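So this one's run-v8.cif, mmCIF, C-alpha atoms and all ligand atoms:
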data_input
#
loop_
_atom_site.label_atom_id
_atom_site.label_comp_id
_atom_site.auth_asym_id
_atom_site.auth_seq_id
_atom_site.Cartn_x
_atom_site.Cartn_y
_atom_site.Cartn_z
CA MET B 1 -5.34 -4.30 14.39
CA ASN B 2 -7.96 -2.13 12.70
CA ILE B 3 -7.26 -2.53 8.99
CA LYS B 4 -9.12 0.65 8.04
CA GLU B 5 -6.87 2.71 10.31
CA ALA B 6 -3.83 0.90 8.92
CA LEU B 7 -4.90 1.95 5.40
CA ARG B 8 -4.99 5.72 6.21
CA ILE B 9 -1.43 6.60 5.02
CA TYR B 10 -0.14 3.42 3.36
CA PHE B 11 3.41 4.00 2.09
CA ILE B 12 4.69 1.75 -0.71
CA MET B 13 8.36 1.78 -1.67
CA GLY B 14 11.15 -0.01 -3.47
CA SER B 15 14.81 1.00 -3.69
CA ASN B 16 14.27 2.40 -7.20
CA ASN B 17 11.56 4.83 -6.04
CA CYS B 18 13.93 6.78 -3.81
CA GLY B 19 15.03 10.06 -5.25
CA HIS B 20 17.00 11.99 -2.69
CA HIS B 21 17.93 9.67 0.18
CA GLU B 22 19.07 6.13 0.88
CA PRO B 23 16.00 3.83 0.84
CA LEU B 24 16.20 2.95 4.53
CA ASP B 25 16.49 6.62 5.41
CA VAL B 26 13.38 7.34 3.31
CA LEU B 27 11.48 4.61 5.18
CA LYS B 28 12.71 5.87 8.55
CA GLN B 29 11.55 9.40 7.69
CA ALA B 30 8.18 8.09 6.48
CA ILE B 31 7.73 6.15 9.73
CA ASP B 32 8.71 9.21 11.78
CA GLY B 33 6.27 11.25 9.69
CA GLY B 34 3.42 8.94 10.66
CA ILE B 35 2.72 6.33 7.96
CA THR B 36 0.20 3.74 9.13
CA MET B 37 1.29 0.75 7.01
CA PHE B 38 4.19 -0.09 4.68
CA GLN B 39 4.39 -2.17 1.51
CA PHE B 40 7.77 -3.52 0.39
CA ARG B 41 7.53 -3.35 -3.40
CA GLU B 42 10.93 -4.12 -4.92
CA LYS B 43 10.28 -4.37 -8.67
CA GLY B 44 10.91 -2.63 -12.00
CA SER B 45 14.15 -1.35 -13.47
CA GLY B 46 17.13 -1.60 -11.13
CA ALA B 47 15.21 -3.52 -8.48
CA LEU B 48 17.24 -5.68 -6.10
CA ILE B 49 17.00 -9.44 -6.52
CA GLY B 50 18.03 -12.58 -4.60
CA GLU B 51 19.90 -12.17 -1.31
CA ALA B 52 20.20 -8.39 -1.68
CA LYS B 53 16.41 -8.08 -2.01
CA LYS B 54 15.88 -10.38 0.96
CA GLN B 55 18.31 -8.42 3.14
CA PHE B 56 16.73 -5.10 2.13
CA ALA B 57 13.30 -6.56 3.02
CA ARG B 58 14.59 -7.66 6.45
CA ASP B 59 16.09 -4.19 7.07
CA CYS B 60 12.77 -2.51 6.15
CA PHE B 61 10.82 -4.99 8.25
CA ARG B 62 13.03 -4.27 11.28
CA LEU B 63 12.30 -0.52 11.05
CA CYS B 64 8.55 -1.18 10.70
CA LYS B 65 8.50 -3.69 13.57
CA GLN B 66 10.25 -1.24 15.92
CA ALA B 67 7.54 1.31 15.14
CA ASN B 68 4.59 -1.14 15.13
CA VAL B 69 3.91 -0.33 11.46
CA PRO B 70 2.41 -3.34 9.63
CA PHE B 71 4.79 -4.66 6.94
CA ILE B 72 3.28 -5.99 3.70
CA VAL B 73 5.23 -7.62 0.84
CA ASN B 74 4.16 -6.98 -2.75
CA ASP B 75 3.74 -10.08 -4.97
CA ASP B 76 6.46 -12.25 -3.38
CA VAL B 77 4.50 -14.64 -1.12
CA ASP B 78 7.52 -16.87 -0.45
CA LEU B 79 9.59 -13.89 0.75
CA ALA B 80 6.69 -12.80 2.99
CA ILE B 81 6.52 -16.27 4.56
CA GLU B 82 10.30 -16.57 4.90
CA ILE B 83 10.71 -13.31 6.85
CA GLY B 84 7.40 -13.52 8.73
CA ALA B 85 5.82 -10.42 7.18
CA ASP B 86 2.43 -9.20 8.36
CA GLY B 87 0.90 -9.80 4.94
CA VAL B 88 1.04 -9.76 1.17
CA HIS B 89 -0.41 -7.61 -1.62
CA VAL B 90 -1.20 -9.29 -4.93
CA GLY B 91 -2.38 -7.91 -8.26
CA GLN B 92 -4.84 -9.39 -10.73
CA ASP B 93 -2.03 -11.22 -12.54
CA ASP B 94 -0.47 -12.63 -9.35
CA LEU B 95 -1.42 -15.60 -7.21
CA ASP B 96 -5.14 -15.85 -6.45
CA ALA B 97 -5.99 -14.44 -3.01
CA GLY B 98 -7.54 -17.79 -2.01
CA ILE B 99 -4.24 -19.58 -2.61
CA VAL B 100 -2.32 -16.82 -0.82
CA ARG B 101 -4.67 -17.24 2.15
CA GLN B 102 -3.98 -21.00 2.23
CA LYS B 103 -0.24 -20.29 2.25
CA LEU B 104 -0.30 -17.42 4.78
CA GLY B 105 -3.06 -18.46 7.17
CA GLN B 106 -5.91 -16.48 8.75
CA ASP B 107 -3.89 -14.08 10.90
CA LYS B 108 -2.01 -12.41 8.01
CA ILE B 109 -3.19 -9.45 5.92
CA ILE B 110 -3.98 -10.06 2.25
CA GLY B 111 -4.52 -7.11 -0.08
CA VAL B 112 -5.67 -7.34 -3.70
CA SER B 113 -5.56 -4.78 -6.52
CA SER B 114 -8.95 -4.17 -8.09
CA HIS B 115 -10.07 -1.95 -11.00
CA THR B 116 -13.74 -2.88 -11.27
CA LEU B 117 -16.70 -3.92 -9.14
CA GLN B 118 -16.29 -7.41 -10.61
CA GLU B 119 -12.66 -7.65 -9.52
CA SER B 120 -13.61 -6.30 -6.08
CA LYS B 121 -16.34 -8.95 -5.69
CA ALA B 122 -13.91 -11.72 -6.63
CA ALA B 123 -11.25 -10.46 -4.24
CA ILE B 124 -13.72 -10.18 -1.37
CA GLU B 125 -15.09 -13.67 -2.04
CA ALA B 126 -11.53 -15.02 -2.16
CA GLY B 127 -10.97 -13.67 1.35
CA ALA B 128 -9.00 -10.46 0.84
CA ASP B 129 -8.68 -8.13 3.84
CA TYR B 130 -8.53 -4.95 1.74
CA ILE B 131 -8.53 -3.88 -1.92
CA GLY B 132 -6.38 -1.26 -3.60
CA MET B 133 -8.16 0.69 -6.32
CA GLY B 134 -6.81 3.02 -8.96
CA PRO B 135 -4.93 4.58 -10.55
CA VAL B 136 -6.97 7.59 -9.43
CA TYR B 137 -4.64 9.96 -11.30
CA ALA B 138 -1.87 9.56 -13.86
CA THR B 139 1.35 8.15 -12.48
CA THR B 140 4.75 7.33 -13.91
CA THR B 141 5.79 5.20 -10.92
CA LYS B 142 4.22 2.02 -12.25
CA LEU B 143 4.61 1.83 -16.01
CA ASP B 144 1.98 -0.83 -16.71
CA THR B 145 -0.97 0.61 -14.82
CA ASN B 146 -4.54 0.31 -16.08
CA PRO B 147 -5.96 3.53 -17.59
CA VAL B 148 -6.45 6.44 -15.17
CA ALA B 149 -9.67 5.55 -13.37
CA GLY B 150 -10.55 8.55 -11.24
CA THR B 151 -12.73 7.65 -8.28
CA THR B 152 -15.67 6.00 -10.09
CA ALA B 153 -14.65 2.41 -9.40
CA ILE B 154 -13.98 3.26 -5.74
CA GLN B 155 -17.46 4.77 -5.45
CA GLU B 156 -19.09 1.78 -7.14
CA THR B 157 -17.33 -0.77 -4.91
CA ARG B 158 -18.16 1.32 -1.82
CA GLU B 159 -21.84 1.38 -2.80
CA HIS B 160 -21.93 -2.41 -3.06
CA PHE B 161 -19.70 -3.08 -0.05
CA PRO B 162 -20.38 -0.31 2.49
CA GLN B 163 -17.92 -1.62 5.09
CA PHE B 164 -15.17 -3.31 3.09
CA PRO B 165 -11.66 -1.78 3.50
CA ILE B 166 -10.59 0.11 0.35
CA VAL B 167 -7.38 2.05 -0.24
CA ALA B 168 -6.94 4.41 -3.19
CA ILE B 169 -3.73 4.48 -5.24
CA GLY B 170 -2.19 6.33 -8.15
CA GLY B 171 -0.73 9.82 -8.42
CA LEU B 172 -1.95 10.75 -4.93
CA GLN B 173 -0.63 13.89 -3.21
CA ALA B 174 -1.67 15.92 -0.16
CA ASP B 175 -3.43 18.46 -2.41
CA ASN B 176 -5.41 15.95 -4.54
CA PHE B 177 -6.38 12.86 -2.48
CA THR B 178 -9.56 14.18 -0.84
CA PRO B 179 -11.92 13.12 -3.70
CA ALA B 180 -10.76 9.52 -3.23
CA ILE B 181 -11.75 9.60 0.43
CA GLU B 182 -15.05 11.30 -0.41
CA ALA B 183 -15.70 8.52 -2.96
CA GLY B 184 -15.40 6.01 -0.13
CA ALA B 185 -11.74 5.01 0.25
CA ASP B 186 -10.60 4.42 3.85
CA GLY B 187 -7.08 5.61 3.07
CA ILE B 188 -4.48 6.41 0.46
CA SER B 189 -1.40 4.56 -0.73
CA ILE B 190 1.55 6.61 -1.83
CA ILE B 191 4.87 5.99 -3.54
CA SER B 192 6.48 9.05 -5.15
CA ALA B 193 4.86 11.77 -3.03
CA ILE B 194 6.91 10.40 -0.11
CA ALA B 195 9.77 8.37 -1.65
CA SER B 196 11.00 10.81 -4.27
CA VAL B 197 10.74 14.19 -2.51
CA PRO B 198 13.61 16.03 -0.79
CA ASN B 199 11.95 15.80 2.65
CA PRO B 200 9.99 12.51 3.06
CA LYS B 201 9.26 13.17 6.76
CA GLU B 202 7.73 16.56 6.09
CA ALA B 203 5.73 15.20 3.10
CA THR B 204 4.36 12.41 5.29
CA GLU B 205 3.43 14.83 8.10
CA LYS B 206 1.53 16.94 5.56
CA LEU B 207 -0.38 13.87 4.32
CA VAL B 208 -1.20 12.89 7.91
CA SER B 209 -2.43 16.35 8.88
CA THR B 210 -4.49 16.68 5.70
CA MET B 211 -6.03 13.23 6.30
CA LYS B 212 -6.98 14.28 9.84
CA GLU B 213 -8.96 17.17 8.33
CA VAL B 214 -10.77 14.80 5.98
CA ILE B 215 -11.28 11.85 8.38
CA ASN B 216 -11.62 13.16 11.90
CA ASP B 217 -10.42 9.93 13.59
CA ALA B 218 -7.37 9.53 11.32
C1 LIG B 301 1.66 0.51 -7.70
C2 LIG B 301 0.59 1.29 -8.39
N1 LIG B 301 -0.60 0.72 -8.75
C3 LIG B 301 -1.45 1.55 -9.37
S1 LIG B 301 -0.72 3.09 -9.54
C4 LIG B 301 0.72 2.61 -8.75
C5 LIG B 301 1.86 3.53 -8.53
C6 LIG B 301 1.55 4.57 -7.49
O1 LIG B 301 2.70 5.37 -7.34
P1 LIG B 301 2.56 6.93 -7.05
O2 LIG B 301 1.99 7.08 -5.65
O3 LIG B 301 3.98 7.44 -7.14
O4 LIG B 301 1.66 7.49 -8.11
C1 LIG B 302 -0.61 -2.24 -7.56
C2 LIG B 302 -1.02 -1.98 -6.30
C3 LIG B 302 -2.35 -1.51 -6.03
N1 LIG B 302 -2.74 -1.25 -4.77
C4 LIG B 302 -1.87 -1.43 -3.76
C5 LIG B 302 -2.37 -1.11 -2.37
F1 LIG B 302 -2.38 0.21 -2.22
F2 LIG B 302 -1.55 -1.64 -1.46
F3 LIG B 302 -3.60 -1.59 -2.21
N2 LIG B 302 -0.63 -1.86 -3.91
C6 LIG B 302 -0.13 -2.17 -5.14
N3 LIG B 302 1.06 -2.58 -5.28
MG MG B 303 1.73 -7.70 -8.68
#
Can you present the structure in this file as structure tokens?
Amino acid sequence: MNIKEALRIYFIMGSNNCGHHEPLDVLKQAIDGGITMFQFREKGSGALIGEAKKQFARDCFRLCKQANVPFIVNDDVDLAIEIGADGVHVGQDDLDAGIVRQKLGQDKIIGVSSHTLQESKAAIEAGADYIGMGPVYATTTKLDTNPVAGTTAIQETREHFPQFPIVAIGGLQADNFTPAIEAGADGISIISAIASVPNPKEATEKLVSTMKEVINDA
């Protein structure tokens, strides 16, 4: 699969991000609306744990599999291995990407959060398949984000790594993500602009159509 195309509209969700609908209904609507990849990110206040988390992950994975949408697990490498996920996303304070690669093998997707050129270099050398950079704008979805970064770090990493897959994250909406793409991101990752709106399908369709205007092969 072409990772850059998978990064175009990368939906991230946990049960506590869903405002108006049952989580599985939100994911179904996002898939119907045209998301290109999904990250299962069950963390923060009220997050499911243990068997309930595992079952929710399996239910999300089933919806993604039926639609050929790659399914990535945030942080929890053991859960990813247990359910046969397509990959894992780790942050700077999680397992090193090199160790994750040893555990997952070559044919899985490994994403790493990066905030600086230095962190991007380290992630790329460790064998990451993509990096997530942000937060581009202010967000209340993740309470312990780094300071709002704008698109500078994306631009700097793009200048040093012209072809490496980069996805932007943080406060992204249909009406504000274009600068991140112009700075060099291959796609956008979204939580609240899809998960917490009254009509997730419609919101996703708007993101997809806007992305097509910005990237003509999207
Ligand atoms: C997980 C994460 N990492 C940096 S910002 C963020 C939250 C993005 O959520 P939203 O798309 O609702 O701003
Ligand atoms: C903190 C995060 C930063 N970036 C990404 C992604 F968009 F997938 F790269 N996911 C996260 N959970
Ligand atoms: Mg993490």
Next item on the list: Around ligand MG 303 (chain B), at most 9 Å away and counting all atoms listed in the file, which residues are there? Put them as a list in words, please.
Entry: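 Final answer, ordered by chain and number: Arg41, Asn74, Asp75, Asp76, His89, Val90, Gly91, Gln92, Asp93, Asp94, Leu95, Val112 and Ser113 of chain B.
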Keeping C-alpha atoms, export the residues of the selection given above as a PDB file, in the frame of the given file.
ATOM      1  CA  ARG B  41       7.530  -3.350  -3.400  1.00  0.00           C
ATOM      2  CA  ASN B  74       4.160  -6.980  -2.750  1.00  0.00           C
ATOM      3  CA  ASP B  75       3.740 -10.080  -4.970  1.00  0.00           C
ATOM      4  CA  ASP B  76       6.460 -12.250  -3.380  1.00  0.00           C
ATOM      5  CA  HIS B  89      -0.410  -7.610  -1.620  1.00  0.00           C
ATOM      6  CA  VAL B  90      -1.200  -9.290  -4.930  1.00  0.00           C
ATOM      7  CA  GLY B  91      -2.380  -7.910  -8.260  1.00  0.00           C
ATOM      8  CA  GLN B  92      -4.840  -9.390 -10.730  1.00  0.00           C
ATOM      9  CA  ASP B  93      -2.030 -11.220 -12.540  1.00  0.00           C
ATOM     10  CA  ASP B  94      -0.470 -12.630  -9.350  1.00  0.00           C
ATOM     11  CA  LEU B  95      -1.420 -15.600  -7.210  1.00  0.00           C
ATOM     12  CA  VAL B 112      -5.670  -7.340  -3.700  1.00  0.00           C
ATOM     13  CA  SER B 113      -5.560  -4.780  -6.520  1.00  0.00           C
TER      14      SER B 113
END
Go through chain B residue by residue and, counting only C-alpha atoms and all ligand atoms, keep those with an atom at most 9 Å from ligand LIG 302 (chain B); for each kept residue give the shortest atom pair and its distance in Å to one decimal, ordered by chain and increasing number, as a tab-separated table.
residue	atom	partner	partner_atom	distance
B:Leu7	CA	B:LIG302	F1	8.2
B:Tyr10	CA	B:LIG302	F1	6.8
B:Phe11	CA	B:LIG302	F1	8.2
B:Ile12	CA	B:LIG302	F2	7.1
B:Phe38	CA	B:LIG302	F2	8.5
B:Gln39	CA	B:LIG302	F2	6.7
B:Phe40	CA	B:LIG302	N3	8.8
B:Arg41	CA	B:LIG302	N3	6.8
B:Ile72	CA	B:LIG302	F2	8.3
B:Val73	CA	B:LIG302	N3	9.0
B:Asn74	CA	B:LIG302	N3	5.9
B:Asp75	CA	B:LIG302	N3	8.0
B:Val88	CA	B:LIG302	F2	8.9
B:His89	CA	B:LIG302	F2	6.1
B:Val90	CA	B:LIG302	N3	7.1
B:Gly91	CA	B:LIG302	C1	6.0
B:Gln92	CA	B:LIG302	C1	8.9
B:Gly111	CA	B:LIG302	F3	6.0
B:Val112	CA	B:LIG302	F3	6.3
B:Ser113	CA	B:LIG302	C3	4.6
B:Ser114	CA	B:LIG302	C3	7.4
B:Tyr130	CA	B:LIG302	F3	7.2
B:Ile131	CA	B:LIG302	F3	5.4
B:Gly132	CA	B:LIG302	F3	3.1
B:Met133	CA	B:LIG302	N1	6.0
B:Gly134	CA	B:LIG302	C3	7.0
B:Pro135	CA	B:LIG302	C3	8.0
B:Lys142	CA	B:LIG302	C1	8.0
B:Thr145	CA	B:LIG302	C1	7.8
B:Ile166	CA	B:LIG302	F3	7.6
B:Val167	CA	B:LIG302	F3	5.6
B:Ala168	CA	B:LIG302	F1	6.3
B:Ile169	CA	B:LIG302	F1	5.4
B:Gly170	CA	B:LIG302	C3	8.1
B:Gly187	CA	B:LIG302	F1	8.9
B:Ile188	CA	B:LIG302	F1	7.1
B:Ser189	CA	B:LIG302	F1	4.7
B:Ile190	CA	B:LIG302	F1	7.5
Item checked: Pick from B:Leu172, B:Leu79, B:Leu117, B:Ala97, whichever lies nearest to ligand LIG 301 (chain B) using only C-alpha atoms and all ligand atoms ->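 Going through B:Leu172, B:Leu79, B:Leu117, B:Ala97 one by one, the smallest distance to ligand LIG 301 (chain B) is for B:Leu172.
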How big is the axis-aligned box, and where does its centre sit, when it encloses all atoms of ligand LIG 301 (chain B) listed in the file and has 6 Å added on every side, reported in Å to one decimal as AutoDock Vina command-line options?
--center_x 1.3 --center_y 4.0 --center_z -7.6 --size_x 17.4 --size_y 19.0 --size_z 15.9
Notebook entry, point to check: Which residue, B:His160, B:Lys28, B:Arg101, B:Lys201, has the smallest gap to B:Asp59 when you use all atoms listed in the file?
Noted result: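 Using all atoms listed in the file, B:Asp59 sits closest to B:Lys28.
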Checklist line | Atomic distance atom CA of B:Pro200 - atom CA of B:Gly87, expressed in Å with one decimal | finding: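 Separation between atom CA of B:Pro200 and atom CA of B:Gly87: 24.2 Å.
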Check: Between B:Ile154, B:Ala138, B:Ala174, B:Ile215, which is the closest to ligand LIG 301 (chain B) once you count all atoms listed in the file?
Finding: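 Distance minimum relative to ligand LIG 301 (chain B) lands on B:Ala138.
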N, CA and C atoms are what I want for stretch 15-39 of chain B; can you complete it accordingly and write them as an mmCIF file, in the coordinates of the input?
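New file result19.cif:
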data_model
loop_
_atom_site.group_PDB
_atom_site.id
_atom_site.type_symbol
_atom_site.label_atom_id
_atom_site.label_comp_id
_atom_site.auth_asym_id
_atom_site.auth_seq_id
_atom_site.Cartn_x
_atom_site.Cartn_y
_atom_site.Cartn_z
ATOM 1 N N SER B 15 13.556 0.224 -3.660
ATOM 2 C CA SER B 15 14.810 1.000 -3.690
ATOM 3 C C SER B 15 14.862 1.924 -4.898
ATOM 4 N N ASN B 16 14.185 1.564 -5.979
ATOM 5 C CA ASN B 16 14.270 2.400 -7.200
ATOM 6 C C ASN B 16 13.248 3.544 -7.196
ATOM 7 N N ASN B 17 12.495 3.695 -6.118
ATOM 8 C CA ASN B 17 11.560 4.830 -6.040
ATOM 9 C C ASN B 17 12.167 6.021 -5.294
ATOM 10 N N CYS B 18 13.374 5.783 -4.729
ATOM 11 C CA CYS B 18 13.930 6.780 -3.810
ATOM 12 C C CYS B 18 14.774 7.788 -4.565
ATOM 13 N N GLY B 19 14.353 9.047 -4.457
ATOM 14 C CA GLY B 19 15.030 10.060 -5.250
ATOM 15 C C GLY B 19 16.215 10.710 -4.561
ATOM 16 N N HIS B 20 15.999 11.104 -3.318
ATOM 17 C CA HIS B 20 17.000 11.990 -2.690
ATOM 18 C C HIS B 20 17.761 11.369 -1.529
ATOM 19 N N HIS B 21 17.267 10.246 -1.016
ATOM 20 C CA HIS B 21 17.930 9.670 0.180
ATOM 21 C C HIS B 21 18.076 8.170 -0.003
ATOM 22 N N GLU B 22 18.947 7.587 0.833
ATOM 23 C CA GLU B 22 19.070 6.130 0.880
ATOM 24 C C GLU B 22 17.699 5.540 1.220
ATOM 25 N N PRO B 23 17.333 4.418 0.603
ATOM 26 C CA PRO B 23 16.000 3.830 0.840
ATOM 27 C C PRO B 23 15.625 3.660 2.305
ATOM 28 N N LEU B 24 16.542 3.166 3.115
ATOM 29 C CA LEU B 24 16.200 2.950 4.530
ATOM 30 C C LEU B 24 16.003 4.265 5.259
ATOM 31 N N ASP B 25 16.686 5.300 4.777
ATOM 32 C CA ASP B 25 16.490 6.620 5.410
ATOM 33 C C ASP B 25 15.117 7.163 5.013
ATOM 34 N N VAL B 26 14.721 6.920 3.761
ATOM 35 C CA VAL B 26 13.380 7.340 3.310
ATOM 36 C C VAL B 26 12.319 6.654 4.176
ATOM 37 N N LEU B 27 12.470 5.340 4.377
ATOM 38 C CA LEU B 27 11.480 4.610 5.180
ATOM 39 C C LEU B 27 11.464 5.111 6.609
ATOM 40 N N LYS B 28 12.647 5.378 7.156
ATOM 41 C CA LYS B 28 12.710 5.870 8.550
ATOM 42 C C LYS B 28 11.987 7.213 8.660
ATOM 43 N N GLN B 29 12.216 8.093 7.692
ATOM 44 C CA GLN B 29 11.550 9.400 7.690
ATOM 45 C C GLN B 29 10.034 9.249 7.544
ATOM 46 N N ALA B 30 9.624 8.310 6.680
ATOM 47 C CA ALA B 30 8.180 8.090 6.480
ATOM 48 C C ALA B 30 7.533 7.581 7.768
ATOM 49 N N ILE B 31 8.236 6.671 8.454
ATOM 50 C CA ILE B 31 7.730 6.150 9.730
ATOM 51 C C ILE B 31 7.646 7.288 10.749
ATOM 52 N N ASP B 32 8.703 8.075 10.847
ATOM 53 C CA ASP B 32 8.710 9.210 11.780
ATOM 54 C C ASP B 32 7.606 10.218 11.431
ATOM 55 N N GLY B 33 7.297 10.297 10.126
ATOM 56 C CA GLY B 33 6.270 11.250 9.690
ATOM 57 C C GLY B 33 4.852 10.760 9.956
ATOM 58 N N GLY B 34 4.719 9.448 10.249
ATOM 59 C CA GLY B 34 3.420 8.940 10.660
ATOM 60 C C GLY B 34 2.701 8.015 9.694
ATOM 61 N N ILE B 35 3.421 7.300 8.822
ATOM 62 C CA ILE B 35 2.720 6.330 7.960
ATOM 63 C C ILE B 35 2.049 5.282 8.832
ATOM 64 N N THR B 36 0.965 4.701 8.324
ATOM 65 C CA THR B 36 0.200 3.740 9.130
ATOM 66 C C THR B 36 0.390 2.301 8.672
ATOM 67 N N MET B 37 0.967 2.098 7.478
ATOM 68 C CA MET B 37 1.290 0.750 7.010
ATOM 69 C C MET B 37 2.336 0.907 5.912
ATOM 70 N N PHE B 38 3.126 -0.154 5.680
ATOM 71 C CA PHE B 38 4.190 -0.090 4.680
ATOM 72 C C PHE B 38 4.123 -1.311 3.759
ATOM 73 N N GLN B 39 4.308 -1.067 2.458
ATOM 74 C CA GLN B 39 4.390 -2.170 1.510
ATOM 75 C C GLN B 39 5.774 -2.187 0.857
#
